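Shown next: query_27.csv, given as CSV, N, CA and C atoms.
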chain,number,residue,atom,x,y,z
A,165,MET,N,-45.2,265.1,89.2
A,165,MET,CA,-46.2,265.1,88.1
A,165,MET,C,-47.3,266.1,88.6
A,166,SER,N,-47.7,267.0,87.8
A,166,SER,CA,-48.8,267.9,88.1
A,166,SER,C,-50.1,267.4,87.8
A,167,PHE,N,-51.2,268.0,88.3
A,167,PHE,CA,-52.5,267.5,88.0
A,167,PHE,C,-52.8,267.7,86.5
A,168,ASP,N,-52.3,268.7,85.9
A,168,ASP,CA,-52.5,268.9,84.4
A,168,ASP,C,-51.9,267.7,83.7
A,169,GLU,N,-50.7,267.3,84.1
A,169,GLU,CA,-50.0,266.2,83.5
A,169,GLU,C,-50.8,264.9,83.7
A,170,ILE,N,-51.4,264.7,84.8
A,170,ILE,CA,-52.2,263.5,85.1
A,170,ILE,C,-53.4,263.5,84.2
A,171,ARG,N,-54.1,264.7,84.0
A,171,ARG,CA,-55.2,264.8,83.1
A,171,ARG,C,-54.8,264.5,81.7
A,172,LYS,N,-53.7,265.0,81.3
A,172,LYS,CA,-53.2,264.8,79.9
A,172,LYS,C,-52.7,263.4,79.6
A,173,ASP,N,-51.9,262.9,80.5
A,173,ASP,CA,-51.3,261.6,80.3
A,173,ASP,C,-52.2,260.4,80.7
A,174,ARG,N,-53.1,260.6,81.7
A,174,ARG,CA,-54.0,259.6,82.1
A,174,ARG,C,-53.3,258.3,82.5
A,175,PRO,N,-52.5,258.4,83.6
A,175,PRO,CA,-51.8,257.2,84.0
A,175,PRO,C,-52.7,256.2,84.5
A,176,ASP,N,-52.3,254.9,84.4
A,176,ASP,CA,-53.1,253.8,85.0
A,176,ASP,C,-53.0,253.8,86.5
A,177,VAL,N,-51.8,254.2,87.0
A,177,VAL,CA,-51.5,254.1,88.5
A,177,VAL,C,-50.7,255.3,88.9
A,178,VAL,N,-51.0,255.8,90.1
A,178,VAL,CA,-50.2,256.8,90.7
A,178,VAL,C,-49.8,256.3,92.1
A,179,LEU,N,-48.5,256.4,92.4
A,179,LEU,CA,-48.0,256.0,93.7
A,179,LEU,C,-47.8,257.3,94.5
A,180,VAL,N,-48.2,257.3,95.8
A,180,VAL,CA,-48.1,258.5,96.7
A,180,VAL,C,-47.5,258.0,98.0
A,181,MET,N,-46.4,258.7,98.3
A,181,MET,CA,-45.8,258.6,99.7
A,181,MET,C,-45.3,259.9,100.1
A,182,VAL,N,-46.1,260.7,100.7
A,182,VAL,CA,-45.8,262.1,101.0
A,182,VAL,C,-46.2,262.4,102.5
A,183,GLY,N,-45.5,263.3,103.1
A,183,GLY,CA,-45.9,263.8,104.4
A,183,GLY,C,-44.8,263.8,105.4
A,184,THR,N,-43.6,263.2,105.1
A,184,THR,CA,-42.5,263.1,106.1
A,184,THR,C,-42.1,264.5,106.5
A,185,ASN,N,-42.0,265.4,105.5
A,185,ASN,CA,-41.6,266.8,105.9
A,185,ASN,C,-42.6,267.5,106.7
A,186,ASP,N,-43.8,267.0,106.7
A,186,ASP,CA,-44.9,267.7,107.5
A,186,ASP,C,-44.8,267.3,109.0
A,187,THR,N,-44.0,266.4,109.4
A,187,THR,CA,-44.0,265.9,110.8
A,187,THR,C,-43.3,266.9,111.7
A,188,GLU,N,-42.4,267.8,111.2
A,188,GLU,CA,-41.7,268.8,112.0
A,188,GLU,C,-42.7,269.8,112.6
A,189,ASP,N,-43.3,270.5,111.8
A,189,ASP,CA,-44.2,271.6,112.3
A,189,ASP,C,-45.6,271.2,111.9
A,190,PHE,N,-46.1,270.1,112.4
A,190,PHE,CA,-47.4,269.5,111.9
A,190,PHE,C,-48.6,270.3,112.3
A,191,VAL,N,-49.4,270.6,111.3
A,191,VAL,CA,-50.7,271.3,111.5
A,191,VAL,C,-51.7,270.3,111.0
A,192,PRO,N,-52.4,269.5,111.8
A,192,PRO,CA,-53.2,268.5,111.3
A,192,PRO,C,-54.3,268.9,110.3
A,193,GLU,N,-55.0,269.9,110.6
A,193,GLU,CA,-56.1,270.2,109.6
A,193,GLU,C,-55.6,270.7,108.3
A,194,ALA,N,-54.5,271.5,108.3
A,194,ALA,CA,-53.9,271.9,107.1
A,194,ALA,C,-53.4,270.7,106.2
A,195,PHE,N,-52.7,269.8,106.9
A,195,PHE,CA,-52.3,268.6,106.2
A,195,PHE,C,-53.5,267.8,105.7
A,196,ARG,N,-54.5,267.6,106.5
A,196,ARG,CA,-55.7,266.8,106.0
A,196,ARG,C,-56.3,267.5,104.8
A,197,ILE,N,-56.4,268.8,104.8
A,197,ILE,CA,-57.0,269.5,103.6
A,197,ILE,C,-56.2,269.3,102.4
A,198,ARG,N,-54.9,269.5,102.5
A,198,ARG,CA,-54.0,269.4,101.3
A,198,ARG,C,-54.0,267.9,100.8
A,199,TYR,N,-53.9,267.0,101.7
A,199,TYR,CA,-53.9,265.6,101.4
A,199,TYR,C,-55.2,265.1,100.7
A,200,SER,N,-56.3,265.6,101.3
A,200,SER,CA,-57.6,265.3,100.7
A,200,SER,C,-57.8,265.8,99.3
A,201,VAL,N,-57.3,267.0,99.1
A,201,VAL,CA,-57.4,267.6,97.7
A,201,VAL,C,-56.5,266.8,96.8
A,202,LEU,N,-55.3,266.4,97.2
A,202,LEU,CA,-54.4,265.6,96.4
A,202,LEU,C,-55.1,264.3,95.9
A,203,LEU,N,-55.6,263.5,96.9
A,203,LEU,CA,-56.3,262.3,96.6
A,203,LEU,C,-57.5,262.5,95.6
A,204,ASP,N,-58.3,263.4,95.9
A,204,ASP,CA,-59.5,263.7,95.1
A,204,ASP,C,-59.2,264.1,93.7
A,205,ARG,N,-58.2,264.9,93.6
A,205,ARG,CA,-57.9,265.4,92.2
A,205,ARG,C,-57.3,264.2,91.4
A,206,VAL,N,-56.5,263.4,92.0
A,206,VAL,CA,-55.9,262.3,91.2
A,206,VAL,C,-57.0,261.3,90.9
A,207,LEU,N,-57.8,261.0,91.9
A,207,LEU,CA,-58.9,260.0,91.7
A,207,LEU,C,-60.0,260.5,90.8
A,208,ALA,N,-60.1,261.7,90.5
A,208,ALA,CA,-61.1,262.2,89.6
A,208,ALA,C,-60.9,261.7,88.2
A,209,GLU,N,-59.7,261.3,87.9
A,209,GLU,CA,-59.5,260.6,86.6
A,209,GLU,C,-60.0,259.2,86.7
A,210,SER,N,-61.0,258.8,86.0
A,210,SER,CA,-61.8,257.6,86.2
A,210,SER,C,-60.9,256.3,86.1
A,211,ARG,N,-59.9,256.3,85.3
A,211,ARG,CA,-59.0,255.1,85.1
A,211,ARG,C,-57.9,255.0,86.1
A,212,THR,N,-57.6,256.1,86.8
A,212,THR,CA,-56.4,256.1,87.6
A,212,THR,C,-56.6,255.4,88.9
A,213,ARG,N,-55.7,254.4,89.2
A,213,ARG,CA,-55.7,253.8,90.4
A,213,ARG,C,-54.6,254.4,91.3
A,214,MET,N,-54.8,254.4,92.6
A,214,MET,CA,-53.8,255.0,93.5
A,214,MET,C,-53.3,254.0,94.5
A,215,LEU,N,-52.0,254.0,94.7
A,215,LEU,CA,-51.4,253.3,95.9
A,215,LEU,C,-50.9,254.4,96.8
A,216,VAL,N,-51.4,254.4,98.0
A,216,VAL,CA,-51.1,255.5,98.9
A,216,VAL,C,-50.4,254.9,100.1
A,217,ALA,N,-49.2,255.4,100.4
A,217,ALA,CA,-48.4,254.8,101.5
A,217,ALA,C,-48.4,255.7,102.8
A,218,THR,N,-48.3,255.0,103.9
A,218,THR,CA,-48.0,255.7,105.1
A,218,THR,C,-46.5,256.1,105.0
A,219,ILE,N,-46.1,257.0,105.9
A,219,ILE,CA,-44.7,257.4,105.9
A,219,ILE,C,-43.9,256.5,106.8
A,220,PRO,N,-42.7,256.2,106.5
A,220,PRO,CA,-41.9,255.4,107.4
A,220,PRO,C,-41.6,256.1,108.7
A,221,PRO,N,-41.3,255.3,109.8
A,221,PRO,CA,-40.9,255.9,111.0
A,221,PRO,C,-39.5,256.7,110.8
A,222,ALA,N,-39.3,257.7,111.7
A,222,ALA,CA,-38.0,258.3,111.6
A,222,ALA,C,-37.0,257.4,112.3
A,223,ARG,N,-35.7,257.6,112.0
A,223,ARG,CA,-34.7,256.7,112.6
A,223,ARG,C,-34.7,256.8,114.1
A,224,PHE,N,-34.6,255.7,114.8
A,224,PHE,CA,-34.7,255.6,116.2
A,224,PHE,C,-36.0,256.2,116.8
A,225,ASN,N,-37.1,256.3,115.9
A,225,ASN,CA,-38.4,256.8,116.3
A,225,ASN,C,-38.4,258.2,116.7
A,226,LYS,N,-37.5,259.0,116.2
A,226,LYS,CA,-37.5,260.5,116.4
A,226,LYS,C,-38.8,261.0,115.7
A,227,ARG,N,-39.4,262.0,116.2
A,227,ARG,CA,-40.6,262.6,115.6
A,227,ARG,C,-41.7,261.6,115.6
A,228,LYS,N,-41.8,260.7,116.5
A,228,LYS,CA,-42.8,259.7,116.5
A,228,LYS,C,-44.2,260.3,116.6
A,229,ARG,N,-44.5,261.3,117.4
A,229,ARG,CA,-45.8,261.9,117.5
A,229,ARG,C,-46.2,262.5,116.1
A,230,GLY,N,-45.4,263.2,115.4
A,230,GLY,CA,-45.7,263.8,114.1
A,230,GLY,C,-45.9,262.7,113.1
A,231,THR,N,-45.1,261.7,113.1
A,231,THR,CA,-45.2,260.6,112.2
A,231,THR,C,-46.6,259.9,112.4
A,232,ASP,N,-46.9,259.6,113.6
A,232,ASP,CA,-48.1,258.9,113.9
A,232,ASP,C,-49.3,259.7,113.5
A,233,ALA,N,-49.2,261.0,113.7
A,233,ALA,CA,-50.4,261.9,113.4
A,233,ALA,C,-50.6,262.0,111.8
A,234,VAL,N,-49.5,262.1,111.1
A,234,VAL,CA,-49.6,262.1,109.6
A,234,VAL,C,-50.2,260.8,109.2
A,235,ASN,N,-49.7,259.7,109.7
A,235,ASN,CA,-50.1,258.4,109.2
A,235,ASN,C,-51.6,258.1,109.6
A,236,SER,N,-52.0,258.7,110.7
A,236,SER,CA,-53.5,258.6,111.1
A,236,SER,C,-54.3,259.3,110.0
A,237,ILE,N,-53.9,260.4,109.6
A,237,ILE,CA,-54.7,261.1,108.6
A,237,ILE,C,-54.6,260.4,107.2
A,238,VAL,N,-53.4,259.9,106.9
A,238,VAL,CA,-53.3,259.1,105.6
A,238,VAL,C,-54.3,258.0,105.6
A,239,ARG,N,-54.3,257.2,106.7
A,239,ARG,CA,-55.1,256.0,106.8
A,239,ARG,C,-56.6,256.4,106.7
A,240,SER,N,-57.0,257.4,107.4
A,240,SER,CA,-58.4,257.8,107.4
A,240,SER,C,-58.9,258.4,106.1
A,241,GLU,N,-58.0,259.1,105.4
A,241,GLU,CA,-58.4,259.6,104.1
A,241,GLU,C,-58.5,258.5,103.1
A,242,VAL,N,-57.6,257.5,103.1
A,242,VAL,CA,-57.7,256.4,102.2
A,242,VAL,C,-59.0,255.6,102.5
A,243,GLU,N,-59.3,255.3,103.8
A,243,GLU,CA,-60.5,254.6,104.2
A,243,GLU,C,-61.8,255.3,103.7
A,244,LYS,N,-61.8,256.6,103.7
A,244,LYS,CA,-63.0,257.3,103.2
A,244,LYS,C,-63.2,257.1,101.7
A,245,ARG,N,-62.1,257.1,101.0
A,245,ARG,CA,-62.2,256.9,99.6
A,245,ARG,C,-62.5,255.4,99.2
A,246,LEU,N,-62.0,254.5,100.0
A,246,LEU,CA,-62.3,253.1,99.8
A,246,LEU,C,-63.8,252.9,100.0
A,247,ALA,N,-64.4,253.5,101.0
A,247,ALA,CA,-65.8,253.4,101.3
A,247,ALA,C,-66.7,254.0,100.2
A,248,GLN,N,-66.1,254.9,99.4
A,248,GLN,CA,-66.8,255.5,98.3
A,248,GLN,C,-66.6,254.7,97.0
A,249,GLY,N,-65.9,253.6,97.1
A,249,GLY,CA,-65.6,252.7,96.0
A,249,GLY,C,-64.5,253.2,95.1
A,250,LYS,N,-63.7,254.1,95.5
A,250,LYS,CA,-62.6,254.6,94.7
A,250,LYS,C,-61.5,253.5,94.6
A,251,ALA,N,-60.7,253.6,93.5
A,251,ALA,CA,-59.6,252.7,93.2
A,251,ALA,C,-58.3,253.1,93.9
A,252,VAL,N,-58.3,253.0,95.2
A,252,VAL,CA,-57.2,253.4,96.1
A,252,VAL,C,-56.9,252.3,97.1
A,253,ARG,N,-55.6,252.1,97.4
A,253,ARG,CA,-55.2,251.1,98.4
A,253,ARG,C,-54.1,251.7,99.2
A,254,LEU,N,-54.1,251.3,100.5
A,254,LEU,CA,-53.1,251.7,101.4
A,254,LEU,C,-51.9,250.7,101.4
A,255,VAL,N,-50.7,251.3,101.4
A,255,VAL,CA,-49.5,250.5,101.5
A,255,VAL,C,-48.9,250.9,102.9
A,256,ASP,N,-48.9,250.1,103.9
A,256,ASP,CA,-48.4,250.4,105.2
A,256,ASP,C,-46.9,250.4,105.3
A,257,VAL,N,-46.2,251.4,104.8
A,257,VAL,CA,-44.8,251.4,104.8
A,257,VAL,C,-44.3,251.5,106.2
A,258,HIS,N,-45.0,252.3,107.0
A,258,HIS,CA,-44.6,252.5,108.4
A,258,HIS,C,-44.4,251.1,109.1
A,259,ALA,N,-45.2,250.2,108.9
A,259,ALA,CA,-45.1,248.9,109.5
A,259,ALA,C,-44.0,248.0,109.0
A,260,LEU,N,-43.5,248.3,107.8
A,260,LEU,CA,-42.4,247.5,107.2
A,260,LEU,C,-41.0,247.9,107.6
A,261,ILE,N,-40.9,249.1,108.1
A,261,ILE,CA,-39.6,249.7,108.3
A,261,ILE,C,-39.1,249.5,109.8
A,262,ASP,N,-37.9,249.0,110.0
A,262,ASP,CA,-37.4,248.9,111.3
A,262,ASP,C,-36.6,250.2,111.6
A,263,PRO,N,-37.0,251.0,112.5
A,263,PRO,CA,-36.4,252.4,112.7
A,263,PRO,C,-35.0,252.3,113.3
A,264,ARG,N,-34.5,251.1,113.6
A,264,ARG,CA,-33.1,251.0,114.1
A,264,ARG,C,-32.2,250.4,113.0
A,265,ALA,N,-32.7,249.7,112.0
A,265,ALA,CA,-31.9,248.9,111.1
A,265,ALA,C,-32.0,249.4,109.6
A,266,ASP,N,-33.1,250.0,109.3
A,266,ASP,CA,-33.4,250.2,107.8
A,266,ASP,C,-33.0,251.6,107.3
A,267,PHE,N,-32.0,252.2,107.9
A,267,PHE,CA,-31.6,253.6,107.5
A,267,PHE,C,-30.2,253.6,107.0
A,268,ALA,N,-29.9,254.3,106.0
A,268,ALA,CA,-28.5,254.5,105.5
A,268,ALA,C,-27.9,255.7,106.2
A,269,ASP,N,-28.7,256.6,106.7
A,269,ASP,CA,-28.2,257.7,107.5
A,269,ASP,C,-29.3,258.2,108.4
A,270,ASN,N,-29.3,259.3,109.0
A,270,ASN,CA,-30.3,259.8,109.9
A,270,ASN,C,-31.6,260.1,109.2
A,271,LEU,N,-31.6,260.2,107.9
A,271,LEU,CA,-32.8,260.6,107.1
A,271,LEU,C,-33.3,259.6,106.1
A,272,HIS,N,-32.4,258.9,105.4
A,272,HIS,CA,-32.8,258.1,104.2
A,272,HIS,C,-32.7,256.7,104.5
A,273,LEU,N,-33.7,256.0,103.9
A,273,LEU,CA,-33.7,254.5,104.0
A,273,LEU,C,-32.6,253.9,103.3
A,274,ASN,N,-32.2,252.7,103.7
A,274,ASN,CA,-31.1,252.0,103.0
A,274,ASN,C,-31.7,251.2,101.8
A,275,ASP,N,-30.9,250.6,101.1
A,275,ASP,CA,-31.3,249.8,99.9
A,275,ASP,C,-32.3,248.7,100.2
A,276,ALA,N,-32.0,248.0,101.3
A,276,ALA,CA,-32.9,246.9,101.7
A,276,ALA,C,-34.3,247.4,102.1
A,277,ALA,N,-34.3,248.5,102.7
A,277,ALA,CA,-35.6,249.1,103.1
A,277,ALA,C,-36.4,249.6,101.9
A,278,TYR,N,-35.7,250.2,100.9
A,278,TYR,CA,-36.4,250.6,99.7
A,278,TYR,C,-36.9,249.4,98.9
A,279,GLU,N,-36.1,248.3,99.0
A,279,GLU,CA,-36.6,247.1,98.3
A,279,GLU,C,-37.9,246.6,99.0
A,280,LYS,N,-38.0,246.7,100.3
A,280,LYS,CA,-39.2,246.3,101.0
A,280,LYS,C,-40.4,247.2,100.6
A,281,VAL,N,-40.1,248.5,100.5
A,281,VAL,CA,-41.2,249.4,100.0
A,281,VAL,C,-41.6,249.1,98.6
A,282,GLY,N,-40.7,248.9,97.7
A,282,GLY,CA,-41.0,248.5,96.3
A,282,GLY,C,-41.8,247.3,96.2
A,283,ILE,N,-41.4,246.3,96.9
A,283,ILE,CA,-42.2,245.0,96.9
A,283,ILE,C,-43.6,245.2,97.5
A,284,ALA,N,-43.7,246.0,98.5
A,284,ALA,CA,-45.1,246.3,99.1
A,284,ALA,C,-46.0,247.0,98.1
A,285,PHE,N,-45.4,248.0,97.4
A,285,PHE,CA,-46.2,248.7,96.3
A,285,PHE,C,-46.6,247.7,95.2
A,286,ALA,N,-45.6,246.9,94.8
A,286,ALA,CA,-45.9,245.9,93.7
A,286,ALA,C,-47.0,244.9,94.1
A,287,ASP,N,-46.9,244.4,95.3
A,287,ASP,CA,-47.9,243.5,95.8
A,287,ASP,C,-49.3,244.1,95.9
A,288,ALA,N,-49.3,245.4,96.4
A,288,ALA,CA,-50.6,246.1,96.4
A,288,ALA,C,-51.2,246.3,95.1
A,289,LEU,N,-50.4,246.7,94.1
A,289,LEU,CA,-50.9,246.9,92.7
A,289,LEU,C,-51.4,245.6,92.1
A,290,LEU,N,-50.6,244.5,92.3
A,290,LEU,CA,-51.1,243.2,91.8
A,290,LEU,C,-52.4,242.8,92.4
A,291,ALA,N,-52.7,243.2,93.6
A,291,ALA,CA,-53.9,242.8,94.2
A,291,ALA,C,-55.1,243.6,93.8
A,292,MET,N,-54.9,244.7,93.1
A,292,MET,CA,-56.0,245.6,92.7
A,292,MET,C,-56.6,245.1,91.4
A,293,PRO,N,-57.9,245.3,91.2
A,293,PRO,CA,-58.5,245.0,89.9
A,293,PRO,C,-57.9,245.9,88.8
A,294,PRO,N,-57.8,245.5,87.6
A,294,PRO,CA,-57.3,246.3,86.5
A,294,PRO,C,-58.2,247.5,86.3
A,295,PRO,N,-57.6,248.6,85.7
A,295,PRO,CA,-58.5,249.7,85.4
A,295,PRO,C,-59.5,249.4,84.3
A,296,PRO,N,-60.5,250.2,84.2
A,296,PRO,CA,-61.5,250.0,83.1
A,296,PRO,C,-60.8,250.2,81.7
A,297,ALA,N,-61.2,249.5,80.7
A,297,ALA,CA,-60.6,249.6,79.4
A,297,ALA,C,-60.7,251.0,78.9
A,298,ARG,N,-59.7,251.4,78.2
A,298,ARG,CA,-59.8,252.8,77.5
A,298,ARG,C,-60.7,252.7,76.3
A,299,ALA,N,-61.4,253.8,76.1
A,299,ALA,CA,-62.3,253.8,75.0
A,299,ALA,C,-61.4,254.0,73.7
A,300,SER,N,-61.7,253.3,72.7
A,300,SER,CA,-60.9,253.5,71.5
A,300,SER,C,-61.7,254.4,70.5
A,301,TYR,N,-60.9,255.3,69.9
A,301,TYR,CA,-61.4,256.3,69.0
A,301,TYR,C,-61.0,256.0,67.6
A,302,PRO,N,-61.9,256.2,66.7
A,302,PRO,CA,-61.6,255.9,65.3
A,302,PRO,C,-60.5,256.9,64.7

Could you render the structure as structure tokens?
Amino acid sequence: MSFDEIRKDRPDVVLVMVGTNDTEDFVPEAFRIRYSVLLDRVLAESRTRMLVATIPPARFNKRKRGTDAVNSIVRSEVEKRLAQGKAVRLVDVHALIDPRADFADNLHLNDAAYEKVGIAFADALLAMPPPPARASYP
């Protein structure tokens, strides 16, 4: 979904889990800037709530340093926006996933792991206050 679509459609909730591909050739400041812009542009829509996830560990904890660095930035950027009163919550997917058992192959999570992720997003959404009511127009 593009930012123009978000402005046009005005969703109540946006789910974000990005950054796994950034762990290979990780440039921390470049990632932080792009991630910060993403969060701010989505949260600029006053009704939109965001659930932002850390990325899962790689299978057998390969690329651990990159994954930890990405997740550190994700956590700090969410904390900044929470401190500003923004409607954003962190879903700690990294903590949910067993890097030895929750993969279908060397890259993709298995069905049980995706179920864990889905339940974590649902629980986080249910714990958030509802969005402000939409203005009705005659």

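Going from atom C of Val206 in chain A to atom C of Glu241 in chain A covers 12.6 Å.
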
task = Considering only C-alpha atoms, return as number ranges by chain whatever protein or nucleic-acid residues lie within 12 Å of Val281 in chain A, sequence-local ones (same chain, fewer than 2 positions apart) excluded.
result = A: 179-181, 215-220, 255-262, 266, 273-279, 283-288

Generate the output file for the selected residues, N, CA and C atoms, as a PDB file, keeping the file's coordinate frame.
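Below is the file that was written, result.pdb:
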ATOM      1  N   LEU A 179     -48.500 256.400  92.400  1.00  0.00           N
ATOM      2  CA  LEU A 179     -48.000 256.000  93.700  1.00  0.00           C
ATOM      3  C   LEU A 179     -47.800 257.300  94.500  1.00  0.00           C
ATOM      4  N   VAL A 180     -48.200 257.300  95.800  1.00  0.00           N
ATOM      5  CA  VAL A 180     -48.100 258.500  96.700  1.00  0.00           C
ATOM      6  C   VAL A 180     -47.500 258.000  98.000  1.00  0.00           C
ATOM      7  N   MET A 181     -46.400 258.700  98.300  1.00  0.00           N
ATOM      8  CA  MET A 181     -45.800 258.600  99.700  1.00  0.00           C
ATOM      9  C   MET A 181     -45.300 259.900 100.100  1.00  0.00           C
ATOM     10  N   LEU A 215     -52.000 254.000  94.700  1.00  0.00           N
ATOM     11  CA  LEU A 215     -51.400 253.300  95.900  1.00  0.00           C
ATOM     12  C   LEU A 215     -50.900 254.400  96.800  1.00  0.00           C
ATOM     13  N   VAL A 216     -51.400 254.400  98.000  1.00  0.00           N
ATOM     14  CA  VAL A 216     -51.100 255.500  98.900  1.00  0.00           C
ATOM     15  C   VAL A 216     -50.400 254.900 100.100  1.00  0.00           C
ATOM     16  N   ALA A 217     -49.200 255.400 100.400  1.00  0.00           N
ATOM     17  CA  ALA A 217     -48.400 254.800 101.500  1.00  0.00           C
ATOM     18  C   ALA A 217     -48.400 255.700 102.800  1.00  0.00           C
ATOM     19  N   THR A 218     -48.300 255.000 103.900  1.00  0.00           N
ATOM     20  CA  THR A 218     -48.000 255.700 105.100  1.00  0.00           C
ATOM     21  C   THR A 218     -46.500 256.100 105.000  1.00  0.00           C
ATOM     22  N   ILE A 219     -46.100 257.000 105.900  1.00  0.00           N
ATOM     23  CA  ILE A 219     -44.700 257.400 105.900  1.00  0.00           C
ATOM     24  C   ILE A 219     -43.900 256.500 106.800  1.00  0.00           C
ATOM     25  N   PRO A 220     -42.700 256.200 106.500  1.00  0.00           N
ATOM     26  CA  PRO A 220     -41.900 255.400 107.400  1.00  0.00           C
ATOM     27  C   PRO A 220     -41.600 256.100 108.700  1.00  0.00           C
ATOM     28  N   VAL A 255     -50.700 251.300 101.400  1.00  0.00           N
ATOM     29  CA  VAL A 255     -49.500 250.500 101.500  1.00  0.00           C
ATOM     30  C   VAL A 255     -48.900 250.900 102.900  1.00  0.00           C
ATOM     31  N   ASP A 256     -48.900 250.100 103.900  1.00  0.00           N
ATOM     32  CA  ASP A 256     -48.400 250.400 105.200  1.00  0.00           C
ATOM     33  C   ASP A 256     -46.900 250.400 105.300  1.00  0.00           C
ATOM     34  N   VAL A 257     -46.200 251.400 104.800  1.00  0.00           N
ATOM     35  CA  VAL A 257     -44.800 251.400 104.800  1.00  0.00           C
ATOM     36  C   VAL A 257     -44.300 251.500 106.200  1.00  0.00           C
ATOM     37  N   HIS A 258     -45.000 252.300 107.000  1.00  0.00           N
ATOM     38  CA  HIS A 258     -44.600 252.500 108.400  1.00  0.00           C
ATOM     39  C   HIS A 258     -44.400 251.100 109.100  1.00  0.00           C
ATOM     40  N   ALA A 259     -45.200 250.200 108.900  1.00  0.00           N
ATOM     41  CA  ALA A 259     -45.100 248.900 109.500  1.00  0.00           C
ATOM     42  C   ALA A 259     -44.000 248.000 109.000  1.00  0.00           C
ATOM     43  N   LEU A 260     -43.500 248.300 107.800  1.00  0.00           N
ATOM     44  CA  LEU A 260     -42.400 247.500 107.200  1.00  0.00           C
ATOM     45  C   LEU A 260     -41.000 247.900 107.600  1.00  0.00           C
ATOM     46  N   ILE A 261     -40.900 249.100 108.100  1.00  0.00           N
ATOM     47  CA  ILE A 261     -39.600 249.700 108.300  1.00  0.00           C
ATOM     48  C   ILE A 261     -39.100 249.500 109.800  1.00  0.00           C
ATOM     49  N   ASP A 262     -37.900 249.000 110.000  1.00  0.00           N
ATOM     50  CA  ASP A 262     -37.400 248.900 111.300  1.00  0.00           C
ATOM     51  C   ASP A 262     -36.600 250.200 111.600  1.00  0.00           C
ATOM     52  N   ASP A 266     -33.100 250.000 109.300  1.00  0.00           N
ATOM     53  CA  ASP A 266     -33.400 250.200 107.800  1.00  0.00           C
ATOM     54  C   ASP A 266     -33.000 251.600 107.300  1.00  0.00           C
ATOM     55  N   LEU A 273     -33.700 256.000 103.900  1.00  0.00           N
ATOM     56  CA  LEU A 273     -33.700 254.500 104.000  1.00  0.00           C
ATOM     57  C   LEU A 273     -32.600 253.900 103.300  1.00  0.00           C
ATOM     58  N   ASN A 274     -32.200 252.700 103.700  1.00  0.00           N
ATOM     59  CA  ASN A 274     -31.100 252.000 103.000  1.00  0.00           C
ATOM     60  C   ASN A 274     -31.700 251.200 101.800  1.00  0.00           C
ATOM     61  N   ASP A 275     -30.900 250.600 101.100  1.00  0.00           N
ATOM     62  CA  ASP A 275     -31.300 249.800  99.900  1.00  0.00           C
ATOM     63  C   ASP A 275     -32.300 248.700 100.200  1.00  0.00           C
ATOM     64  N   ALA A 276     -32.000 248.000 101.300  1.00  0.00           N
ATOM     65  CA  ALA A 276     -32.900 246.900 101.700  1.00  0.00           C
ATOM     66  C   ALA A 276     -34.300 247.400 102.100  1.00  0.00           C
ATOM     67  N   ALA A 277     -34.300 248.500 102.700  1.00  0.00           N
ATOM     68  CA  ALA A 277     -35.600 249.100 103.100  1.00  0.00           C
ATOM     69  C   ALA A 277     -36.400 249.600 101.900  1.00  0.00           C
ATOM     70  N   TYR A 278     -35.700 250.200 100.900  1.00  0.00           N
ATOM     71  CA  TYR A 278     -36.400 250.600  99.700  1.00  0.00           C
ATOM     72  C   TYR A 278     -36.900 249.400  98.900  1.00  0.00           C
ATOM     73  N   GLU A 279     -36.100 248.300  99.000  1.00  0.00           N
ATOM     74  CA  GLU A 279     -36.600 247.100  98.300  1.00  0.00           C
ATOM     75  C   GLU A 279     -37.900 246.600  99.000  1.00  0.00           C
ATOM     76  N   ILE A 283     -41.400 246.300  96.900  1.00  0.00           N
ATOM     77  CA  ILE A 283     -42.200 245.000  96.900  1.00  0.00           C
ATOM     78  C   ILE A 283     -43.600 245.200  97.500  1.00  0.00           C
ATOM     79  N   ALA A 284     -43.700 246.000  98.500  1.00  0.00           N
ATOM     80  CA  ALA A 284     -45.100 246.300  99.100  1.00  0.00           C
ATOM     81  C   ALA A 284     -46.000 247.000  98.100  1.00  0.00           C
ATOM     82  N   PHE A 285     -45.400 248.000  97.400  1.00  0.00           N
ATOM     83  CA  PHE A 285     -46.200 248.700  96.300  1.00  0.00           C
ATOM     84  C   PHE A 285     -46.600 247.700  95.200  1.00  0.00           C
ATOM     85  N   ALA A 286     -45.600 246.900  94.800  1.00  0.00           N
ATOM     86  CA  ALA A 286     -45.900 245.900  93.700  1.00  0.00           C
ATOM     87  C   ALA A 286     -47.000 244.900  94.100  1.00  0.00           C
ATOM     88  N   ASP A 287     -46.900 244.400  95.300  1.00  0.00           N
ATOM     89  CA  ASP A 287     -47.900 243.500  95.800  1.00  0.00           C
ATOM     90  C   ASP A 287     -49.300 244.100  95.900  1.00  0.00           C
ATOM     91  N   ALA A 288     -49.300 245.400  96.400  1.00  0.00           N
ATOM     92  CA  ALA A 288     -50.600 246.100  96.400  1.00  0.00           C
ATOM     93  C   ALA A 288     -51.200 246.300  95.100  1.00  0.00           C
TER      94      ALA A 288
END

key: Among the residues A:Arg223, A:Arg171, A:Met214, A:Leu203, the one that comes closest to Leu254 in chain A [using only N, CA and C atoms]   = A:Met214

request  = Can you work out the spacing between atom N of Ala247 in chain A and atom N of Gly230 in chain A in Å, to one decimal?
outcome  =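 These two atoms are separated by 25.7 Å.
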
ask   = When distances are computed from only C-alpha atoms, which of A:Arg205, A:Thr187, A:Arg196, A:Phe224 shows the smallest separation from Asp269 in chain A?
value = A:Phe224

query = Quick one: DSSP alpha helix (DSSP H) residues in range 192-251 of chain A, as an NGL selection string?
reply = :A and (192-207 or 228-247)

task = State, in Å with one decimal place, the distance from CA of Pro296 in chain A to CA of Gly282 in chain A.
result =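 These atoms are spaced 24.4 Å apart.
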
request  = as a VMD selection string, please: all residues of chain A that backbone DSSP puts in strand (DSSP E).
outcome  = chain A and resid 177 to 180 213 to 217 252 to 255

key: A:Leu290, A:Pro175, A:Val234, A:Val252 ranked by distance to Phe190 in chain A, top pick (using only N, CA and C atoms)   =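 When distances to Phe190 in chain A are compared using only N, CA and C atoms, the smallest one comes from A:Val234.
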